[in-house]
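Chemist: The structure file protein.tsv (TSV, C-alpha atoms) is provided below.
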chain	number	residue	atom	x	y	z
A	68	MET	CA	6.06	34.63	-53.97
A	69	PRO	CA	8.45	31.95	-55.09
A	70	TYR	CA	8.31	28.87	-52.91
A	71	LYS	CA	11.45	27.29	-51.63
A	72	TYR	CA	10.87	23.72	-50.64
A	73	ILE	CA	12.77	22.27	-47.71
A	74	GLY	CA	12.69	18.66	-46.68
A	75	ARG	CA	11.02	15.96	-48.64
A	76	THR	CA	10.56	16.31	-52.36
A	77	THR	CA	7.08	17.09	-53.54
A	78	SER	CA	5.16	16.16	-56.61
A	79	PHE	CA	3.39	19.54	-56.60
A	80	LYS	CA	4.22	22.15	-59.17
A	81	GLY	CA	2.51	25.51	-59.44
A	82	LYS	CA	0.58	27.94	-57.24
A	83	THR	CA	-2.34	27.78	-54.88
A	84	LEU	CA	-5.75	28.42	-56.35
A	85	TRP	CA	-6.10	31.74	-54.54
A	86	GLU	CA	-2.80	33.01	-55.89
A	87	ILE	CA	-4.09	32.45	-59.40
A	88	VAL	CA	-7.70	33.43	-58.96
A	89	GLY	CA	-7.11	36.46	-56.72
A	90	ASN	CA	-5.09	38.21	-59.43
A	91	LEU	CA	-7.61	37.70	-62.17
A	92	LYS	CA	-10.45	39.94	-63.30
A	93	ASN	CA	-13.76	38.82	-61.79
A	94	PHE	CA	-11.83	36.17	-59.83
A	95	GLY	CA	-11.12	34.28	-62.99
A	96	VAL	CA	-14.65	33.11	-63.66
A	97	GLY	CA	-14.71	31.33	-66.99
A	98	ARG	CA	-10.98	30.63	-67.01
A	99	ILE	CA	-9.40	27.20	-67.11
A	100	VAL	CA	-7.16	25.85	-64.39
A	101	VAL	CA	-5.29	22.55	-64.23
A	102	ARG	CA	-3.74	20.48	-61.46
A	103	SER	CA	-0.23	19.44	-62.41
A	104	VAL	CA	-0.65	15.96	-60.86
A	105	PHE	CA	-3.38	15.20	-63.38
A	106	GLU	CA	-1.20	16.23	-66.29
A	107	ARG	CA	0.46	12.86	-66.33
A	108	TYR	CA	-2.44	11.37	-68.25
A	109	PRO	CA	-2.57	11.64	-72.01
A	110	GLU	CA	-6.18	12.82	-71.87
A	111	PRO	CA	-6.76	16.42	-70.77
A	112	SER	CA	-7.94	17.01	-67.19
A	113	TYR	CA	-8.96	20.57	-66.43
A	114	MET	CA	-11.39	22.71	-64.42
A	115	LYS	CA	-13.43	25.66	-65.61
A	116	ILE	CA	-14.10	28.14	-62.82
A	117	LEU	CA	-17.77	29.01	-62.40
A	118	LYS	CA	-17.80	30.83	-59.07
A	119	VAL	CA	-15.30	31.88	-56.41
A	120	GLU	CA	-15.85	32.58	-52.75
A	121	THR	CA	-13.29	33.42	-50.09
A	122	LEU	CA	-13.09	31.91	-46.63
A	123	PRO	CA	-11.76	33.36	-43.35
A	124	THR	CA	-8.90	30.91	-43.47
A	125	PRO	CA	-6.41	31.44	-46.30
A	126	GLU	CA	-8.41	29.17	-48.54
A	127	VAL	CA	-10.76	29.65	-51.36
A	128	VAL	CA	-13.89	27.88	-52.43
A	129	SER	CA	-14.44	27.59	-56.09
A	130	VAL	CA	-17.18	25.89	-57.98
A	131	ASP	CA	-15.76	24.28	-61.04
A	132	LYS	CA	-16.82	22.28	-63.98
A	133	LYS	CA	-14.31	19.49	-63.93
A	134	THR	CA	-13.13	17.23	-66.68
A	135	PHE	CA	-11.00	14.30	-65.72
A	136	ARG	CA	-9.10	12.32	-68.32
A	137	GLY	CA	-11.17	13.73	-71.11
A	138	LYS	CA	-14.50	12.94	-69.43
A	139	PRO	CA	-16.53	15.82	-68.02
A	140	PHE	CA	-18.21	15.40	-64.63
A	141	PRO	CA	-22.01	15.49	-64.76
A	142	ARG	CA	-22.31	18.19	-62.09
A	143	PRO	CA	-20.09	21.10	-61.03
A	144	ILE	CA	-17.82	20.34	-58.08
A	145	VAL	CA	-16.68	22.47	-55.15
A	146	ILE	CA	-12.97	22.79	-54.51
A	147	GLU	CA	-12.39	23.74	-50.90
A	148	SER	CA	-10.20	21.26	-49.10
A	149	SER	CA	-7.60	21.07	-51.85
A	150	SER	CA	-7.50	24.74	-52.85
A	151	TYR	CA	-4.46	25.41	-50.67
A	152	LYS	CA	-2.27	23.01	-52.62
A	153	THR	CA	0.46	24.68	-54.62
A	154	ASP	CA	-0.34	22.58	-57.60
A	155	TYR	CA	-2.54	24.72	-59.85
A	156	ARG	CA	-1.67	26.20	-63.18
A	157	LEU	CA	-3.63	28.70	-65.22
A	158	ILE	CA	-4.08	28.00	-68.90
A	159	PRO	CA	-3.67	31.16	-71.03
A	160	LYS	CA	-6.78	32.10	-72.97
A	161	VAL	CA	-5.02	31.51	-76.28
A	162	GLU	CA	-4.18	27.92	-75.42
A	163	GLU	CA	-7.50	27.01	-73.85
A	164	GLU	CA	-9.06	25.63	-76.96
A	165	LYS	CA	-6.02	23.62	-77.89
A	166	TYR	CA	-5.60	22.24	-74.37
A	167	CYS	CA	-9.18	21.20	-73.89
A	168	LYS	CA	-9.51	19.56	-77.27
A	169	ARG	CA	-10.69	16.04	-76.85
A	170	ILE	CA	-8.53	13.27	-78.12
A	171	GLU	CA	-10.07	10.30	-79.79
A	172	GLU	CA	-11.33	7.63	-77.49
A	173	LYS	CA	-9.47	4.40	-77.48
A	174	ASP	CA	-11.15	1.04	-77.72
A	175	VAL	CA	-12.95	0.13	-74.56
A	176	ARG	CA	-11.01	-2.32	-72.46
A	177	ILE	CA	-13.07	-5.37	-71.59
A	178	PHE	CA	-12.03	-7.22	-68.46
A	179	PRO	CA	-12.86	-10.87	-67.74
A	180	ARG	CA	-15.63	-11.65	-65.29
A	181	THR	CA	-14.00	-14.69	-63.70
A	182	PHE	CA	-10.71	-16.48	-63.32
A	183	GLU	CA	-9.53	-19.79	-61.90
A	184	PHE	CA	-8.88	-20.60	-58.28
A	185	PRO	CA	-5.29	-21.06	-57.09
A	186	PRO	CA	-4.16	-24.71	-57.47
A	187	ILE	CA	-4.29	-25.83	-53.81
A	188	MET	CA	-7.59	-24.13	-53.20
A	189	LYS	CA	-8.98	-25.80	-56.30
A	190	GLU	CA	-7.95	-29.17	-54.90
A	191	LEU	CA	-9.53	-28.33	-51.56
A	192	ILE	CA	-12.81	-27.33	-53.14
A	193	LEU	CA	-12.84	-30.54	-55.17
A	194	ARG	CA	-12.36	-32.59	-52.01
A	195	GLU	CA	-15.09	-30.71	-50.21
A	196	MET	CA	-17.42	-31.39	-53.10
A	197	LYS	CA	-16.52	-35.06	-53.03
A	198	GLU	CA	-17.32	-35.24	-49.32
A	199	LYS	CA	-20.67	-33.64	-49.94
A	200	GLY	CA	-21.31	-36.18	-52.63
A	201	GLU	CA	-21.35	-33.84	-55.58
A	202	LYS	CA	-19.82	-35.25	-58.71
A	203	LEU	CA	-17.89	-32.44	-60.31
A	204	THR	CA	-14.59	-32.64	-62.09
A	205	GLU	CA	-14.29	-28.91	-62.70
A	206	VAL	CA	-14.34	-26.26	-60.04
A	207	PRO	CA	-16.60	-23.30	-60.87
A	208	PRO	CA	-14.45	-20.23	-61.58
A	209	LEU	CA	-13.90	-17.46	-59.07
A	210	GLU	CA	-15.60	-14.16	-59.68
A	211	ILE	CA	-13.18	-11.24	-59.89
A	212	VAL	CA	-13.68	-8.23	-57.64
A	213	TYR	CA	-13.01	-4.93	-59.35
A	214	SER	CA	-12.86	-1.44	-57.97
A	215	LYS	CA	-16.34	0.06	-57.94
A	216	CYS	CA	-15.19	3.42	-59.21
A	217	SER	CA	-12.82	2.23	-61.93
A	218	LYS	CA	-15.41	-0.21	-63.21
A	219	LYS	CA	-17.52	2.69	-64.40
A	220	THR	CA	-14.85	4.94	-65.81
A	221	LYS	CA	-11.84	3.03	-67.00
A	222	TYR	CA	-13.02	-0.28	-68.33
A	223	ARG	CA	-15.96	-2.59	-68.75
A	224	ILE	CA	-16.53	-6.10	-67.48
A	225	ALA	CA	-17.27	-8.75	-70.05
A	226	LYS	CA	-20.88	-9.80	-70.38
A	227	ASP	CA	-21.90	-13.44	-70.78
A	228	GLY	CA	-20.32	-14.89	-73.87
A	229	GLU	CA	-18.26	-11.79	-74.57
A	230	GLU	CA	-14.57	-12.14	-75.20
A	231	PRO	CA	-12.39	-9.95	-72.92
A	232	ASN	CA	-9.55	-8.11	-74.60
A	233	VAL	CA	-7.45	-7.75	-71.42
A	234	GLU	CA	-5.84	-10.75	-69.76
A	235	ILE	CA	-6.27	-11.14	-66.02
A	236	VAL	CA	-5.27	-14.50	-64.60
A	237	MET	CA	-4.67	-16.04	-61.21
A	238	GLY	CA	-0.95	-16.36	-60.59
A	239	PHE	CA	1.99	-14.65	-62.18
A	240	GLY	CA	0.50	-13.76	-65.56
A	241	THR	CA	2.42	-12.53	-68.56
A	242	PRO	CA	5.06	-9.91	-67.78
A	243	VAL	CA	4.80	-6.49	-69.38
A	244	SER	CA	8.55	-6.11	-69.57
A	245	PRO	CA	9.96	-9.51	-70.52
A	246	SER	CA	13.47	-8.04	-70.65
A	247	LEU	CA	13.53	-8.15	-66.86
A	248	TYR	CA	13.15	-11.91	-66.84
A	249	GLU	CA	15.78	-12.77	-69.38
A	250	GLY	CA	17.32	-16.15	-68.75
A	251	ILE	CA	14.74	-17.10	-66.16
A	252	LYS	CA	12.29	-19.90	-66.57
A	253	LEU	CA	8.87	-18.62	-65.66
B	202	MET	CA	13.17	-7.85	-60.37
B	203	LEU	CA	15.79	-10.42	-61.15
B	204	ARG	CA	16.91	-10.33	-57.56
B	205	LEU	CA	13.34	-10.86	-56.42
B	206	VAL	CA	12.91	-13.95	-58.53
B	207	ASN	CA	16.28	-15.32	-57.49
B	208	ASN	CA	15.33	-14.82	-53.88
B	209	PHE	CA	12.25	-16.91	-54.40
B	210	ARG	CA	14.35	-19.58	-55.98
B	211	ASN	CA	16.79	-19.63	-53.09
B	212	LEU	CA	14.02	-19.74	-50.54
B	213	THR	CA	14.95	-22.81	-48.56
B	214	ILE	CA	13.92	-22.99	-44.94
B	215	THR	CA	16.68	-24.22	-42.66
B	216	LYS	CA	16.75	-24.70	-38.92
B	217	GLU	CA	19.07	-21.72	-38.45
B	218	SER	CA	16.83	-19.35	-40.36
B	219	LEU	CA	13.85	-20.22	-38.18
B	220	SER	CA	15.48	-19.84	-34.77
B	221	ILE	CA	15.72	-16.32	-33.34
B	222	ASN	CA	18.67	-15.11	-31.35
B	223	TYR	CA	16.78	-13.60	-28.42
B	224	THR	CA	19.81	-11.86	-26.91
B	225	ASN	CA	20.00	-9.49	-29.86
B	226	TYR	CA	16.28	-9.54	-30.62
B	227	GLN	CA	14.87	-6.06	-31.07
B	228	PRO	CA	11.25	-6.03	-32.21
B	229	VAL	CA	10.99	-2.23	-32.53
B	230	ARG	CA	13.93	-0.05	-33.48
B	231	TRP	CA	13.53	2.94	-31.15
B	232	ARG	CA	15.44	5.87	-32.50
B	233	LYS	CA	14.32	9.05	-30.85
B	234	PRO	CA	11.05	10.31	-29.40
B	235	ILE	CA	8.56	11.60	-31.93
B	236	TRP	CA	8.26	15.02	-30.32
B	237	LEU	CA	11.90	15.89	-30.91
B	238	PRO	CA	12.50	18.23	-33.87
B	239	VAL	CA	14.36	17.38	-37.02
B	240	ALA	CA	18.08	17.06	-36.43
B	241	LYS	CA	19.99	20.28	-37.18
B	242	THR	CA	22.13	18.58	-39.77
B	243	LYS	CA	19.05	17.32	-41.59
B	244	ILE	CA	16.89	20.47	-41.63
B	245	PHE	CA	17.92	21.62	-45.09
B	246	LYS	CA	18.55	18.22	-46.52
B	247	VAL	CA	16.54	17.47	-49.62
B	248	PRO	CA	16.64	13.72	-50.14
B	249	PRO	CA	16.63	12.75	-53.79
B	250	ARG	CA	13.71	10.80	-55.15
B	251	THR	CA	14.25	7.18	-55.92
B	252	VAL	CA	14.15	6.71	-59.64
B	253	ILE	CA	12.71	3.44	-60.83
B	254	PRO	CA	13.31	2.54	-64.49
B	255	GLU	CA	10.16	2.79	-66.54
B	256	GLU	CA	9.89	-0.88	-67.52
B	257	GLU	CA	10.44	-2.00	-63.94
B	258	LYS	CA	7.85	0.45	-62.72
B	259	VAL	CA	5.28	-0.83	-65.19
B	260	GLU	CA	6.03	-4.44	-64.29
B	261	LEU	CA	5.83	-3.77	-60.55
B	262	MET	CA	2.53	-1.98	-61.00
B	263	ARG	CA	1.15	-4.92	-62.94
B	264	LEU	CA	2.29	-7.39	-60.29
B	265	TYR	CA	0.85	-5.38	-57.43
B	266	ASN	CA	-2.43	-4.75	-59.22
B	267	SER	CA	-2.91	-8.39	-60.09
B	268	TYR	CA	-1.98	-9.44	-56.55
B	269	ARG	CA	-4.54	-7.09	-55.04
B	270	THR	CA	-7.24	-8.21	-57.43
B	271	GLN	CA	-6.57	-11.87	-56.67
B	272	ILE	CA	-6.57	-11.39	-52.92
B	273	LYS	CA	-9.70	-9.25	-53.01
B	274	SER	CA	-11.53	-11.86	-55.06
B	275	LEU	CA	-10.44	-14.72	-52.81
B	276	ARG	CA	-11.35	-12.79	-49.70
B	277	ARG	CA	-14.83	-12.07	-50.96
B	278	TYR	CA	-15.30	-15.73	-51.95
B	279	LEU	CA	-14.25	-16.92	-48.47
B	280	THR	CA	-16.39	-14.30	-46.76
B	281	TYR	CA	-19.46	-15.35	-48.68
B	282	LYS	CA	-18.67	-18.98	-47.99
B	283	TYR	CA	-18.00	-18.87	-44.26
B	284	CYS	CA	-19.48	-15.68	-42.85
B	285	THR	CA	-22.55	-16.54	-40.74
B	286	LYS	CA	-24.22	-13.36	-41.87
B	287	PHE	CA	-24.49	-14.77	-45.39
B	288	LEU	CA	-25.09	-18.35	-44.26
B	289	ALA	CA	-28.20	-17.38	-42.35
B	290	SER	CA	-30.24	-17.00	-45.49
B	291	GLU	CA	-29.57	-20.59	-46.58
B	292	ASP	CA	-31.91	-22.60	-44.32
B	293	PRO	CA	-33.82	-20.66	-41.69
B	294	GLU	CA	-35.14	-23.77	-39.93
B	295	GLU	CA	-31.67	-25.23	-39.55
B	296	GLN	CA	-30.29	-21.90	-38.37
B	297	LYS	CA	-33.09	-21.56	-35.83
B	298	LYS	CA	-32.47	-25.05	-34.52
B	299	ILE	CA	-28.74	-24.39	-34.18
B	300	PHE	CA	-29.47	-21.13	-32.43
B	301	GLU	CA	-31.88	-22.74	-29.99
B	302	GLU	CA	-29.44	-25.53	-29.18
B	303	ASP	CA	-26.72	-23.02	-28.60
B	304	PHE	CA	-29.04	-20.90	-26.48
B	305	ALA	CA	-30.02	-23.89	-24.33
B	306	ARG	CA	-26.37	-24.78	-23.84
B	307	CYS	CA	-25.61	-21.20	-22.85
B	308	ILE	CA	-28.46	-21.19	-20.36
B	309	GLU	CA	-27.19	-24.43	-18.85
B	310	ILE	CA	-23.73	-22.95	-18.39
B	311	ASN	CA	-25.21	-19.76	-17.00
B	312	LYS	CA	-27.28	-21.71	-14.47
B	313	LYS	CA	-24.22	-23.61	-13.35
B	314	TRP	CA	-22.30	-20.40	-12.91
B	315	ASN	CA	-25.19	-18.86	-10.99
B	316	GLU	CA	-25.28	-21.78	-8.58
B	317	GLU	CA	-21.55	-21.57	-7.99
B	318	GLN	CA	-21.84	-17.85	-7.46
B	319	ASN	CA	-24.79	-18.35	-5.09
B	320	VAL	CA	-22.75	-20.57	-2.77
B	321	LEU	CA	-19.91	-18.07	-2.80
B	322	ARG	CA	-22.27	-15.17	-2.24
B	323	GLU	CA	-23.98	-16.77	0.76
B	324	LYS	CA	-20.64	-17.54	2.33
B	325	ARG	CA	-19.46	-14.02	1.76
B	326	VAL	CA	-22.65	-12.45	3.11
B	327	ALA	CA	-22.45	-14.58	6.27
B	328	GLU	CA	-18.84	-13.57	6.81
B	329	GLU	CA	-19.68	-9.93	6.28
B	330	LEU	CA	-22.57	-10.15	8.74
B	331	GLU	CA	-20.33	-11.70	11.38
B	332	VAL	CA	-17.75	-8.97	10.90
B	333	ASN	CA	-20.44	-6.29	11.16
B	334	LEU	CA	-21.87	-7.83	14.33
B	335	ASP	CA	-18.43	-7.97	15.92
B	336	PHE	CA	-17.92	-4.36	15.07
B	337	ALA	CA	-21.29	-3.41	16.61
B	338	ARG	CA	-20.56	-5.36	19.78
B	339	ASN	CA	-17.22	-3.69	20.18
B	340	ARG	CA	-18.84	-0.32	19.71
B	341	ILE	CA	-21.47	-1.02	22.38
B	342	GLU	CA	-18.76	-2.08	24.80
B	343	LEU	CA	-16.73	1.04	24.17
B	344	GLU	CA	-19.84	3.19	24.51
B	345	LEU	CA	-20.67	1.66	27.90
B	346	ILE	CA	-17.13	2.24	29.14
B	347	LYS	CA	-17.35	5.83	27.98
B	348	GLN	CA	-20.64	6.38	29.79
B	349	GLU	CA	-19.22	4.87	32.97
B	350	GLU	CA	-16.25	7.21	32.86
B	351	LYS	CA	-18.51	10.18	32.26
B	352	LEU	CA	-20.71	9.23	35.22
B	353	GLN	CA	-17.70	8.92	37.47
B	354	LYS	CA	-16.46	12.34	36.43
B	355	VAL	CA	-19.87	13.87	37.18
B	356	GLU	CA	-20.05	12.18	40.55
B	357	GLU	CA	-16.60	13.49	41.39
B	358	ILE	CA	-17.77	17.02	40.63
B	359	VAL	CA	-20.89	16.55	42.77
B	360	ARG	CA	-18.85	15.21	45.68
B	361	ARG	CA	-16.46	18.14	45.50
B	362	GLU	CA	-19.30	20.62	45.43
B	363	LYS	CA	-20.98	18.97	48.41
B	364	GLU	CA	-17.76	19.24	50.40
B	365	GLN	CA	-17.45	22.87	49.53
B	366	GLY	CA	-21.10	23.38	50.41
B	367	LYS	CA	-20.34	22.97	54.09
B	368	SER	CA	-18.64	26.37	54.20
B	369	PHE	CA	-21.45	28.12	52.31
B	370	ILE	CA	-23.36	30.94	54.08
B	371	THR	CA	-26.96	29.92	54.54
B	372	SER	CA	-29.95	31.64	56.08
B	373	GLU	CA	-29.22	29.89	59.35
B	374	ASN	CA	-25.69	31.14	59.87
B	375	ILE	CA	-25.94	34.43	58.09
B	376	ASP	CA	-26.01	36.47	61.29
B	377	GLU	CA	-22.83	34.85	62.56
B	378	ALA	CA	-21.16	35.47	59.24
B	379	ILE	CA	-22.18	39.13	59.28
B	380	GLU	CA	-20.93	39.45	62.81
B	381	TYR	CA	-17.65	37.83	61.87
B	382	ALA	CA	-17.20	40.05	58.86
B	383	LEU	CA	-17.89	43.18	60.82
B	384	HIS	CA	-15.40	42.25	63.51
B	385	ASN	CA	-12.64	41.13	61.20
B	386	SER	CA	-12.39	43.83	58.59
B	387	VAL	CA	-9.62	43.26	56.14
B	388	ASP	CA	-7.82	46.11	54.46
B	389	TYR	CA	-5.91	45.07	51.41
B	390	ASN	CA	-4.46	48.52	50.66
B	391	PHE	CA	-0.81	48.99	51.29
B	392	ALA	CA	2.08	51.23	50.48
B	393	ILE	CA	5.70	50.39	49.79
B	394	ASP	CA	8.61	52.29	51.26
B	395	LEU	CA	12.06	52.64	49.76
B	396	ASN	CA	13.24	49.40	51.34
B	397	GLY	CA	10.54	47.44	49.63
B	398	GLU	CA	8.50	46.96	52.79
B	399	LYS	CA	4.73	46.79	52.50
B	400	ILE	CA	2.80	49.03	54.86
B	401	PHE	CA	-0.78	47.66	55.09
B	402	GLY	CA	-3.84	49.71	55.84
B	403	ARG	CA	-5.18	52.89	54.46
B	404	GLU	CA	-4.24	54.75	57.66
B	405	ASN	CA	-0.65	54.68	58.75
B	406	ASN	CA	-0.99	52.18	61.57
B	407	THR	CA	2.43	51.47	63.04
B	408	GLN	CA	1.15	48.65	65.17
B	409	GLU	CA	0.48	46.52	62.10
B	410	VAL	CA	3.05	43.90	61.25
B	411	LYS	CA	5.19	45.11	58.47
B	412	GLN	CA	5.72	42.63	55.67
B	413	LYS	CA	8.89	42.75	53.64
B	414	VAL	CA	8.44	42.41	49.92
B	415	SER	CA	11.31	42.52	47.47
B	416	VAL	CA	10.00	44.95	44.90
B	417	LEU	CA	13.22	44.96	42.95
B	418	ALA	CA	13.03	41.23	42.41
B	419	ASN	CA	9.60	41.58	40.83
B	420	ILE	CA	10.74	44.12	38.29
Can I see the file as structure tokens?
Modeler:
Amino acid sequence: MPYKYIGRTTSFKGKTLWEIVGNLKNFGVGRIVVRSVFERYPEPSYMKILKVETLPTPEVVSVDKKTFRGKPFPRPIVIESSSYKTDYRLIPKVEEEKYCKRIEEKDVRIFPRTFEFPPIMKELILREMKEKGEKLTEVPPLEIVYSKCSKKTKYRIAKDGEEPNVEIVMGFGTPVSPSLYEGIKL
Amino acid sequence: MLRLVNNFRNLTITKESLSINYTNYQPVRWRKPIWLPVAKTKIFKVPPRTVIPEEEKVELMRLYNSYRTQIKSLRRYLTYKYCTKFLASEDPEEQKKIFEEDFARCIEINKKWNEEQNVLREKRVAEELEVNLDFARNRIELELIKQEEKLQKVEEIVRREKEQGKSFITSENIDEAIEYALHNSVDYNFAIDLNGEKIFGRENNTQEVKQKVSVLANI
């Protein structure tokens, strides 16, 4: 059934999981399904269906082997709460191999462990130290808090003495699109 | 982006910008209640997506990401520095001493409050007792009045009965009463003629006084 969307625009594109899986032989076990929202990444993200079960509500549970951004998950996952979303696409058998082919891994991004305090705070800390009687001219750097999840998958934090290859600084930093700041003193 | 930077540059705080015009001040812009449906003119409206140029999008993402990272880091630093939960592990003796001092101070305040409350409580209890006693006294008074009235009523009944008792037939005057009854037989039977006159007695005794009764009036 073609969907006609009314109201707000949606980022979804495709069918629900049941619409795909219900029409396939053996409920599509062994086939490859993709979510269109994950297709924005250059690396392939796909799910291989291992088992399908139906629920009383118009939903479907499927156990899938998921690969996200080229990295497979260690254990199969269950898709239940998001199976209703009209965002799935079936990959034809002919294209499966081509689609799932891994692309070469890029260099690992190494993020810095610390950065400096903001200027006023630095001054405050110095004064506090002076009051306490500690003689320090330099304020110890501030440890950066990274997302727990992304830390494992997307990048690595620099070890002691390692040089980070990504710049993260306190303050404005270097713009990615300098054309936006033309004629402005930064 | 350019506008954003220019805005920062022009950010000068004046007296006018700080003062709020309270006559036109509207903190929340109420439009319509949330339970009302979508307006009929807007049901099939598909608003277009805002399109942000790619380079602006990338720059905005970078700015937001770096802002969040900085704030998160600073927040954690300040939490570790000032949160008592993390301070506790620094010097247990000092912490214990501070706690005990604080506890003693709290107890002192509590004692003071208790004393104040005690005075108030005693006063209140005394007042309540007085009110209750007044109430009880009033009730006793009312009860006594009620009993008095009841007694009077009973005595009235007794008096009436005693008066009536004089005409009662007793064993002493029973013979007289029988004699009287035998000599004064009363016949309540009567007949009515066409004129509405009552004719007493079972036998037609013409010597009896005829009593006129308006039968028609009774109908």
Chemist: Please report as a Markdown table every residue of chain A lying within 7 Å of chain B, along with the nearest atom pair and their distance in Å (one decimal), using all atoms listed in the file.
Modeler:
| residue | atom | partner | partner_atom | distance |
| --- | --- | --- | --- | --- |
| A:Ile73 | CA | B:Phe245 | CA | 5.8 |
| A:Gly74 | CA | B:Val247 | CA | 5.0 |
| A:Arg75 | CA | B:Val247 | CA | 5.8 |
| A:Thr76 | CA | B:Val247 | CA | 6.7 |
| A:Glu210 | CA | B:Ser274 | CA | 6.6 |
| A:Ile211 | CA | B:Ser274 | CA | 5.1 |
| A:Val212 | CA | B:Ser274 | CA | 4.9 |
| A:Tyr213 | CA | B:Thr270 | CA | 6.9 |
| A:Met237 | CA | B:Gln271 | CA | 6.5 |
| A:Pro242 | CA | B:Glu260 | CA | 6.6 |
| A:Val243 | CA | B:Glu260 | CA | 5.6 |
| A:Ser244 | CA | B:Glu256 | CA | 5.8 |
| A:Leu247 | CA | B:Met202 | CA | 6.5 |
| A:Tyr248 | CA | B:Leu203 | CA | 6.4 |
Chemist: Show me as a list in words the residues that reach within 7 Å of (-9.2, 26.5, -65.3), counting only C-alpha atoms and using the file's own coordinates.
Modeler: Arg98, Ile99, Val100, Val101, Tyr113, Met114, Lys115, Ile116, Leu157 and Ile158 of chain A
Chemist: Applying 9 Å and all atoms listed in the file, which residues near A:Pro139 remain after dropping the ones on its own chain fewer than 6 positions away? List them as a VMD selection string.
Modeler: chain A and resid 112 132 to 133
Chemist: Which distance in Å separates atom CA of A:Tyr70 and atom CA of A:Thr153, to one decimal?
Modeler: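 If I compute the distance from atom CA of A:Tyr70 to atom CA of A:Thr153, I get 9.1 Å.
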Chemist: Record the distance separating atom CA of A:Ile187 and atom CA of A:Val236, expressed in Å with one decimal.
Modeler: 15.7 Å
Chemist: For stretch 146-148 of chain A, work out the shell of residues within 7 Å, counting all atoms listed in the file and skipping chain neighbours fewer than 4 positions away, then give it as a ChimeraX atom specification.
Modeler: /A:127-130
Chemist: Show which residues sit within 8 Å of A:Pro179, as a list of chain:residue names. Count only C-alpha atoms, and ignore same-chain residues fewer than 3 positions away.
Modeler: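 That gives A:Phe182, A:Ile211, A:Ile224, A:Ala225, A:Glu230, A:Pro231, A:Val233, A:Glu234, A:Ile235.
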Chemist: What's the separation between atom CA of A:Thr83 and atom CA of A:Arg102, in Å to one decimal place?
Modeler: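 Going from atom CA of A:Thr83 over to atom CA of A:Arg102, I get 9.9 Å.
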Chemist: With distances taken over all atoms listed in the file, which of A:Asp154, A:Arg136, A:Lys92, A:Pro109 is nearest to A:Phe79?
Modeler: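 The answer is A:Asp154, which sits nearest to A:Phe79.
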Chemist: Go through A:Gly137, A:Arg180, A:Gly95, A:Leu84 and flag the residue nearest A:Gly228, using all atoms listed in the file for the distances.
Modeler: A:Arg180
